[in-house]
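Here the structure comes first, spelled out in structure tokens, and everything after it is commentary.
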2 protein chains.
Amino acid sequence: MSITLAPAAPDLDATHDPALRCWVAGAEGHADFPIQNLPFGIFTPPGESTPRGGVAIGDSILDLSAALRAGLFSGSAEMAARAAAGETLNAFLALGAAPRRALRARLSAILAEGSPDRKRAEPCLHAAADCAMHLPARIGDYTDFYVGIHHATHVGRVFRPDNPLLPNYKYVPIGYHGRASSLRVSGTPVRRPRGQIKGPDDAAPRFAPCERLDYELELGVWIGTGNRLGEPVPIARAAEHVAGYGLLNDWSARDIQAWEYQPLGPFLAKNFASTLSAWVVTPEALAPFRVPQPARPEGDPAPLPYLLDAADQRAGAFDLDLEVLISTPAMREGGLAPHRLALSNTRHMYWTVAQMVAHHTSGGCDLNPGDLLGSGTLSAPEAGGFGSLLESTRGGREPVALPSGETRRFLEDGDEIILRARAAREGAAPVGFGECRARILPAAPAP
Amino acid sequence: MSITLAPAAPDLDATHDPALRCWVAGAEGHADFPIQNLPFGIFTPPGESTPRGGVAIGDSILDLSAALRAGLFSGSAEMAARAAAGETLNAFLALGAAPRRALRARLSAILAEGSPDRKRAEPCLHAAADCAMHLPARIGDYTDFYVGIHHATHVGRVFRPDNPLLPNYKYVPIGYHGRASSLRVSGTPVRRPRGQIKGPDDAAPRFAPCERLDYELELGVWIGTGNRLGEPVPIARAAEHVAGYGLLNDWSARDIQAWEYQPLGPFLAKNFASTLSAWVVTPEALAPFRVPQPARPEGDPAPLPYLLDAADQRAGAFDLDLEVLISTPAMREGGLAPHRLALSNTRHMYWTVAQMVAHHTSGGCDLNPGDLLGSGTLSAPEAGGFGSLLESTRGGREPVALPSGETRRFLEDGDEIILRARAAREGAAPVGFGECRARILPAAPAP
């Protein structure tokens, strides 16, 4: 054991030990999926047609159905493995923390160097590159928040230079309902939408392909156990309702959005597609990267009591680096690696995930296992850390230069956007989320 | 046969014959469910625990599972009945018009006076009053539109007296994503939400029970066959994707809404509960009540081509009376009948349902069987026809008088709101939707 406990990370156990070694080839020092991560997802192995649950380890996936057949689980770990082995993770997400922790502990033991289970577990592994990934859950409802305060400030400045944040921002974790049906797993191409577009000097809108297509860098939050309609989740219990995390690209058609969004909010500007990373990274895997909620700037109001909890203030935030990369057709032809557009961090969330859950349910709204929350765009305060092109190019006015000699104001057909997340701190093994990646297809013919 | 064909209702057949008589007691002249209606729903008979599909006829429900076992169906009607007999109607909604019409024709024949099937069908009937009703479908996504132009005008006038409608209103069928999880079937009580409330002179918001609780009178639209992501539904095919209609009460917390809704739209002000009528009234049942889309006032722009279709203009609107009634605890104690708050009509929709579907999918968003669209509040232009208390009381300034001697600015605990719809025209049997009814419970303790 060589765990370094930190005040903000009280829940560390043997599964977090950075010295823990893994017998799966390629898992040691893997950028995303070392043995300390163990995220869950839904995949189809090569040559098969039925999706099933698996666990990412290095460049491999452990097939939970096969592992169950091999008799690798018992007790509550077996119960959790059965819930996670089906065509979606909804039943697993619904279980809550205790069975999830039991399964994690057992998976860690199975995959640890020297495990007596290695011989039975080895045949249950597939090369991840050969497998198809699917959305991890049937998403009942998807809610997008707006807790990235720097993004809200940058966007608000366009409309209100002197007073960019609206008066409710520091009281209300602002959110709105998104479209669940058009969420797709990483790798699914995204078709450029058509929509009504009206320039400031146009007399009337026209129906045309989006000309200001953008990405949005977001943290995705998977709801675990739900709550009943009319029964709010108290802030002190809110974290228990979160089963995992991922990356979300909330693609945005800025020109469609500008014309349509008053008075009821974004609609077609967002619902043509949103892209999710494939793996559900558990709260347990992220426990070493908990940090105190950043102090509110002097003069900011305290959260109202229903959003205030000492434990949440102490360790309710995360320190995760978030990265956006672009790869254009010319870059790929020229053999150039994807180019980093932004490096941001989850510490730029003004509200914690627990505050988002407590607020969402505070009027009685029911959350269900497999519901998805988005954080909203997470931008750093300074250039180089902006989570959207709207910010990086100042509304398209200042194009971004790419290593291919190209520039971008907004996304062009064939462009690919890749989101990554990386958690690292002294005394903990670094873990990542896997990619959230998608390429832009040209608009379809007009209907 | 005594059908009167009208130009706006080309699809009438023998099932619409107003002279058609029914052997089920109470079905003749039933306000909602005569034999010309035949709506579908999900119910549980007394003493049983498994929900199943049924058809409303008078004050009875025909159990489709039992009718299937009795051998009452064959061919495509049997296929449709099997799809409609399960725990939700999703599979039935997905079938599209042809099997739905075949089942309707067969049900009409079974239930018609003199039917040779009466003896086998009679044991399949339950008294509706003894059955529990459920939501008719698993609702994947719920979208709320804003096509009631008089409501939009009345609400907009509060903020912009000289120019109440925003510039996009007559180009864009404005809509936004609602919360699917908190939709409930008629009869389910609604708990008054708590939320952040900030009066115009308050320095900061407080977290308190809603003081401006309101109803919204809406037409609900059930999506039948879906479309694939990235493949818009052309306006000429949009009506084919609609499987039925119902009534929707989009309860609204006006004080929570006023504080939270900028910049991304209503959220907690709506997602504490929305109430749906239990029965899916088919496009076939409403065919006699199709009317031309009301002419746009002089000076209004023509719809953009993707929203314009001659057949839709000719017969894409409906003539349905919509009614809101209130029953307060004092009224019930005093033996007073529910009091009508408003009489409106679906002709007050500025956009047709086909235009809503075409717009929703125009950027590529996928709709799925069992998705729900709301029309937005449908108010008449004049007093007596307002679809919300916000309008009837001019924002709470002019209370409404009730026959009990009470007044209401907004809803109080124990108040019950009842929505009804009635379609009637010469030469057609009148049909209704059944009730959309719910009572307000006091707010729960603070979380």
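The chains in the structure tokens are called A, B, ... from first to last as shown; in each chain the residues are counted from 1, and the ligands are counted from 1 in the order shown.
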
*Give the helix (DSSP H, G or I) residues of stretch 308-406 of chain B, as DSSP finds them on the backbone, and put them as a PyMOL selection string.*
chain B and resi 310-315+329-333+346-348+353-361+389-392

_Spatial neighbours of B:Ala315, max dist 7 Å, only C-alpha atoms, sep filter under 5 positions, as a VMD selection string_ = chain B and resid 8 290 to 293

Give one line per residue of chain A that approaches chain B to at most 6 Å, naming the two atoms of the closest pair and their distance in Å to one decimal, counting only C-alpha atoms; sort by chain then ascending residue number and deliver it as a tab-separated table.
```
residue	atom	partner	partner_atom	distance
A:Tyr176	CA	B:Phe267	CA	5.4
A:His177	CA	B:His177	CA	5.4
A:Gly178	CA	B:His177	CA	5.8
A:Pro193	CA	B:Gly363	CA	4.5
A:Arg194	CA	B:Gly363	CA	4.9
A:Gly195	CA	B:Gly363	CA	5.7
A:Pro232	CA	B:Pro447	CA	5.9
A:Pro234	CA	B:Pro447	CA	5.0
A:Leu264	CA	B:Gly265	CA	4.3
A:Gly265	CA	B:Leu264	CA	4.3
A:Phe267	CA	B:Tyr176	CA	5.4
A:Asn271	CA	B:Cys365	CA	5.6
A:Phe272	CA	B:Cys365	CA	4.6
A:Gly363	CA	B:Pro193	CA	4.5
A:Gly364	CA	B:Phe272	CA	5.1
A:Cys365	CA	B:Phe272	CA	4.6
A:Pro447	CA	B:Pro234	CA	5.0
```

Output for the residues just chosen: all heavy atoms as a short mmCIF file (atom, residue, chain, number, x, y, z; two decimals), in the first residue's frame:
```cif
data_model
loop_
_atom_site.label_atom_id
_atom_site.label_comp_id
_atom_site.auth_asym_id
_atom_site.auth_seq_id
_atom_site.Cartn_x
_atom_site.Cartn_y
_atom_site.Cartn_z
N TYR A 176 -31.36 24.05 -18.58
CA TYR A 176 -32.56 23.90 -19.41
C TYR A 176 -32.59 22.50 -19.96
O TYR A 176 -31.59 21.77 -19.92
CB TYR A 176 -32.59 24.95 -20.53
CG TYR A 176 -31.57 24.74 -21.63
CD1 TYR A 176 -31.97 24.42 -22.93
CD2 TYR A 176 -30.21 24.85 -21.38
CE1 TYR A 176 -31.05 24.22 -23.94
CE2 TYR A 176 -29.29 24.64 -22.39
CZ TYR A 176 -29.70 24.33 -23.66
OH TYR A 176 -28.77 24.12 -24.65
N HIS A 177 -33.75 22.11 -20.45
CA HIS A 177 -33.91 20.75 -20.95
C HIS A 177 -33.36 20.64 -22.36
O HIS A 177 -33.66 21.46 -23.22
CB HIS A 177 -35.38 20.36 -20.94
CG HIS A 177 -35.99 20.42 -19.57
ND1 HIS A 177 -37.04 21.25 -19.26
CD2 HIS A 177 -35.67 19.79 -18.43
CE1 HIS A 177 -37.34 21.12 -17.98
NE2 HIS A 177 -36.53 20.24 -17.45
N GLY A 178 -32.55 19.61 -22.59
CA GLY A 178 -32.02 19.34 -23.92
C GLY A 178 -32.76 18.18 -24.57
O GLY A 178 -33.72 17.64 -24.02
N PRO A 193 -26.47 20.94 -39.66
CA PRO A 193 -27.91 21.19 -39.78
C PRO A 193 -28.23 22.33 -40.73
O PRO A 193 -27.40 23.22 -40.95
CB PRO A 193 -28.30 21.58 -38.35
CG PRO A 193 -27.08 22.24 -37.81
CD PRO A 193 -25.90 21.51 -38.42
N ARG A 194 -29.40 22.26 -41.31
CA ARG A 194 -30.01 23.44 -41.92
C ARG A 194 -30.90 24.11 -40.90
O ARG A 194 -31.35 23.49 -39.95
CB ARG A 194 -30.89 23.05 -43.11
CG ARG A 194 -30.11 22.60 -44.31
CD ARG A 194 -31.00 22.05 -45.40
NE ARG A 194 -30.17 21.60 -46.48
CZ ARG A 194 -29.83 22.36 -47.52
NH1 ARG A 194 -30.30 23.59 -47.64
NH2 ARG A 194 -29.04 21.88 -48.45
N GLY A 195 -31.19 25.36 -41.16
CA GLY A 195 -32.10 26.05 -40.27
C GLY A 195 -32.36 27.46 -40.73
O GLY A 195 -31.80 27.90 -41.75
N PRO A 232 -37.82 16.33 -3.44
CA PRO A 232 -36.51 16.89 -3.74
C PRO A 232 -35.37 16.13 -3.06
O PRO A 232 -35.54 15.55 -1.99
CB PRO A 232 -36.60 18.32 -3.18
CG PRO A 232 -38.06 18.64 -3.16
CD PRO A 232 -38.74 17.34 -2.87
N PRO A 234 -32.11 16.44 -1.02
CA PRO A 234 -31.37 17.44 -0.24
C PRO A 234 -29.92 17.52 -0.71
O PRO A 234 -29.35 16.50 -1.11
CB PRO A 234 -31.44 16.91 1.20
CG PRO A 234 -32.44 15.80 1.20
CD PRO A 234 -32.54 15.29 -0.20
N LEU A 264 -37.73 31.35 -25.59
CA LEU A 264 -37.80 30.10 -24.81
C LEU A 264 -36.51 29.30 -24.78
O LEU A 264 -36.47 28.20 -24.24
CB LEU A 264 -38.97 29.24 -25.29
CG LEU A 264 -40.35 29.89 -25.12
CD1 LEU A 264 -41.46 29.01 -25.67
CD2 LEU A 264 -40.63 30.20 -23.64
N GLY A 265 -35.44 29.84 -25.37
CA GLY A 265 -34.15 29.16 -25.27
C GLY A 265 -33.78 28.41 -26.54
O GLY A 265 -34.53 28.35 -27.49
N PHE A 267 -33.09 25.56 -29.30
CA PHE A 267 -33.92 24.41 -29.69
C PHE A 267 -33.24 23.70 -30.86
O PHE A 267 -32.40 22.83 -30.65
CB PHE A 267 -35.33 24.92 -30.02
CG PHE A 267 -36.33 23.88 -30.42
CD1 PHE A 267 -36.48 22.72 -29.68
CD2 PHE A 267 -37.14 24.05 -31.55
CE1 PHE A 267 -37.41 21.75 -30.05
CE2 PHE A 267 -38.07 23.10 -31.93
CZ PHE A 267 -38.20 21.95 -31.18
N ASN A 271 -30.38 20.56 -31.09
CA ASN A 271 -30.92 19.19 -31.08
C ASN A 271 -30.63 18.38 -32.33
O ASN A 271 -31.16 17.28 -32.48
CB ASN A 271 -32.42 19.21 -30.74
CG ASN A 271 -33.29 19.79 -31.86
OD1 ASN A 271 -32.83 19.96 -32.98
ND2 ASN A 271 -34.54 20.08 -31.54
N PHE A 272 -29.78 18.87 -33.23
CA PHE A 272 -29.41 18.08 -34.40
C PHE A 272 -28.43 16.97 -34.03
O PHE A 272 -28.37 15.95 -34.73
CB PHE A 272 -28.82 18.99 -35.50
CG PHE A 272 -27.63 19.78 -35.08
CD1 PHE A 272 -26.35 19.29 -35.33
CD2 PHE A 272 -27.76 21.00 -34.43
CE1 PHE A 272 -25.24 20.00 -34.92
CE2 PHE A 272 -26.65 21.72 -34.03
CZ PHE A 272 -25.39 21.22 -34.27
N GLY A 363 -37.69 21.65 -7.00
CA GLY A 363 -39.12 21.90 -7.17
C GLY A 363 -39.93 20.63 -7.24
O GLY A 363 -41.16 20.68 -7.41
N GLY A 364 -39.25 19.49 -7.18
CA GLY A 364 -39.95 18.21 -7.21
C GLY A 364 -39.67 17.38 -8.46
O GLY A 364 -40.12 16.23 -8.54
N CYS A 365 -38.96 17.92 -9.43
CA CYS A 365 -38.70 17.17 -10.66
C CYS A 365 -38.01 15.85 -10.34
O CYS A 365 -37.10 15.80 -9.52
CB CYS A 365 -37.83 17.99 -11.61
SG CYS A 365 -37.53 17.17 -13.20
N PRO A 447 -35.14 19.55 -47.15
CA PRO A 447 -36.26 18.62 -47.13
C PRO A 447 -37.31 19.00 -48.19
O PRO A 447 -37.43 20.14 -48.55
CB PRO A 447 -36.82 18.76 -45.72
CG PRO A 447 -36.36 20.07 -45.23
CD PRO A 447 -35.04 20.34 -45.92
#
```

*asked:* Please determine, counting only C-alpha atoms, which residue among A:Leu378, A:Ala105, A:Leu62, A:Ala31 has the shortest atom-to-atom distance to A:Arg422.
replied: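 Residue with the minimum atom-to-atom distance to A:Arg422: A:Ala31.
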
*Residues of stretch 355-439 of chain A in strand (DSSP E or B), written as a ChimeraX atom specification*: /A:372-374,400-401,407-408,416-425,428-432,436-439

*Using only C-alpha atoms, which residue out of A:Ala97, A:Ala258, A:Leu389, A:Val281 lies closest to A:Phe159?*
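Smallest separation from A:Phe159 among the options: A:Ala258.
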
*asked:* Can you tell me which residues surround A:Asn249 at a distance of at most 8 Å, considering only C-alpha atoms, apart from same-chain residues fewer than 5 positions away, and format the answer as number ranges by chain?
replied: A: 215-218, 274-276, 419, 436

*For atom CA of A:Thr328 and atom CA of A:Val400, determine how far apart the two atoms are, in Å to one decimal place.*
12.8 Å

*asked:* Nearest residue to A:Cys22 out of A:Ala70, A:Leu93, A:Ile110, A:Leu308, using only C-alpha atoms?
replied: A:Ile110

*Quick one: residues within 10 Å of A:Thr88, only C-alpha atoms counted, chain neighbours fewer than 2 positions away excluded, as a list of chain:residue names?*
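Residues near the query, excluding close chain neighbours: A:Gly41, A:Ile42, A:Phe43, A:Pro51, A:Arg52, A:Gly53, A:Ala83, A:Ala84, A:Ala85, A:Gly86, A:Asn90, A:Ala91, A:Phe92, A:Leu93, A:His134, A:Leu135, A:Pro136, A:Ala137, A:Arg138, A:Ile139, A:Gly370.
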
Let me see the file: selected residues, N, CA and C atoms, as a PDB file, in the first residue's frame.
```pdb
ATOM      1  N   GLY A  41     -18.996   0.597 -19.752  1.00  0.00           N
ATOM      2  CA  GLY A  41     -19.570   1.012 -21.025  1.00  0.00           C
ATOM      3  C   GLY A  41     -20.292  -0.133 -21.695  1.00  0.00           C
ATOM      4  N   ILE A  42     -20.916   0.178 -22.823  1.00  0.00           N
ATOM      5  CA  ILE A  42     -21.658  -0.822 -23.600  1.00  0.00           C
ATOM      6  C   ILE A  42     -20.960  -0.994 -24.944  1.00  0.00           C
ATOM      7  N   PHE A  43     -20.644  -2.230 -25.289  1.00  0.00           N
ATOM      8  CA  PHE A  43     -19.877  -2.495 -26.510  1.00  0.00           C
ATOM      9  C   PHE A  43     -20.412  -3.745 -27.198  1.00  0.00           C
ATOM     10  N   PRO A  51     -25.176  -5.877 -28.118  1.00  0.00           N
ATOM     11  CA  PRO A  51     -24.400  -5.040 -27.207  1.00  0.00           C
ATOM     12  C   PRO A  51     -24.433  -5.617 -25.798  1.00  0.00           C
ATOM     13  N   ARG A  52     -23.376  -5.394 -25.055  1.00  0.00           N
ATOM     14  CA  ARG A  52     -23.312  -5.869 -23.677  1.00  0.00           C
ATOM     15  C   ARG A  52     -22.352  -4.983 -22.886  1.00  0.00           C
ATOM     16  N   GLY A  53     -22.418  -5.101 -21.572  1.00  0.00           N
ATOM     17  CA  GLY A  53     -21.607  -4.256 -20.709  1.00  0.00           C
ATOM     18  C   GLY A  53     -20.175  -4.722 -20.598  1.00  0.00           C
ATOM     19  N   ALA A  83     -26.144  -6.561 -13.375  1.00  0.00           N
ATOM     20  CA  ALA A  83     -26.846  -5.329 -13.767  1.00  0.00           C
ATOM     21  C   ALA A  83     -26.080  -4.573 -14.852  1.00  0.00           C
ATOM     22  N   ALA A  84     -24.754  -4.707 -14.841  1.00  0.00           N
ATOM     23  CA  ALA A  84     -23.931  -3.968 -15.811  1.00  0.00           C
ATOM     24  C   ALA A  84     -23.671  -4.748 -17.091  1.00  0.00           C
ATOM     25  N   ALA A  85     -24.106  -5.994 -17.133  1.00  0.00           N
ATOM     26  CA  ALA A  85     -23.753  -6.845 -18.270  1.00  0.00           C
ATOM     27  C   ALA A  85     -24.744  -6.757 -19.425  1.00  0.00           C
ATOM     28  N   GLY A  86     -25.895  -6.105 -19.218  1.00  0.00           N
ATOM     29  CA  GLY A  86     -26.959  -6.091 -20.223  1.00  0.00           C
ATOM     30  C   GLY A  86     -26.712  -5.116 -21.362  1.00  0.00           C
ATOM     31  N   ASN A  90     -28.476   1.026 -17.544  1.00  0.00           N
ATOM     32  CA  ASN A  90     -29.464   1.677 -16.666  1.00  0.00           C
ATOM     33  C   ASN A  90     -29.647   0.943 -15.345  1.00  0.00           C
ATOM     34  N   ALA A  91     -29.757  -0.382 -15.400  1.00  0.00           N
ATOM     35  CA  ALA A  91     -29.979  -1.142 -14.167  1.00  0.00           C
ATOM     36  C   ALA A  91     -28.784  -1.010 -13.222  1.00  0.00           C
ATOM     37  N   PHE A  92     -27.596  -0.956 -13.791  1.00  0.00           N
ATOM     38  CA  PHE A  92     -26.384  -0.789 -12.975  1.00  0.00           C
ATOM     39  C   PHE A  92     -26.331   0.602 -12.354  1.00  0.00           C
ATOM     40  N   LEU A  93     -26.639   1.610 -13.166  1.00  0.00           N
ATOM     41  CA  LEU A  93     -26.612   2.977 -12.646  1.00  0.00           C
ATOM     42  C   LEU A  93     -27.594   3.129 -11.495  1.00  0.00           C
ATOM     43  N   HIS A 134     -21.308   1.840 -27.856  1.00  0.00           N
ATOM     44  CA  HIS A 134     -22.670   2.374 -27.908  1.00  0.00           C
ATOM     45  C   HIS A 134     -22.854   3.376 -26.768  1.00  0.00           C
ATOM     46  N   LEU A 135     -23.960   4.119 -26.805  1.00  0.00           N
ATOM     47  CA  LEU A 135     -24.267   4.948 -25.640  1.00  0.00           C
ATOM     48  C   LEU A 135     -24.381   4.033 -24.430  1.00  0.00           C
ATOM     49  N   PRO A 136     -23.843   4.450 -23.288  1.00  0.00           N
ATOM     50  CA  PRO A 136     -23.847   3.549 -22.129  1.00  0.00           C
ATOM     51  C   PRO A 136     -25.231   3.301 -21.531  1.00  0.00           C
ATOM     52  N   ALA A 137     -26.184   4.192 -21.784  1.00  0.00           N
ATOM     53  CA  ALA A 137     -27.497   4.013 -21.164  1.00  0.00           C
ATOM     54  C   ALA A 137     -28.587   4.542 -22.079  1.00  0.00           C
ATOM     55  N   ARG A 138     -29.778   4.072 -21.858  1.00  0.00           N
ATOM     56  CA  ARG A 138     -30.961   4.670 -22.447  1.00  0.00           C
ATOM     57  C   ARG A 138     -31.219   5.947 -21.650  1.00  0.00           C
ATOM     58  N   ILE A 139     -31.077   7.091 -22.320  1.00  0.00           N
ATOM     59  CA  ILE A 139     -31.145   8.371 -21.619  1.00  0.00           C
ATOM     60  C   ILE A 139     -32.584   8.868 -21.628  1.00  0.00           C
ATOM     61  N   GLY A 370     -29.798   6.847 -15.506  1.00  0.00           N
ATOM     62  CA  GLY A 370     -29.478   7.002 -16.925  1.00  0.00           C
ATOM     63  C   GLY A 370     -29.801   8.375 -17.461  1.00  0.00           C
TER      64      GLY A 370
END
```

*Have a look at atom CA of A:Ile326 and atom CA of A:Leu402 and let me know their distance in Å, one decimal.*
8.8 Å

_If we count only C-alpha atoms and set the cut-off at 7 Å, which residues sit around A:Phe433, ignoring sequence neighbours fewer than 3 positions away in its own chain? Please answer as a list in words._
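With the cut-off at 7 Å, the set is Asp32, Gly246, Trp279, Val281, Arg420, Ala421 and Arg422 of chain A.
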
*Could you tell me how far atom CA of B:Leu343 lies from atom CA of B:Leu322, in Å and to one decimal?*
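It comes out at 5.7 Å.
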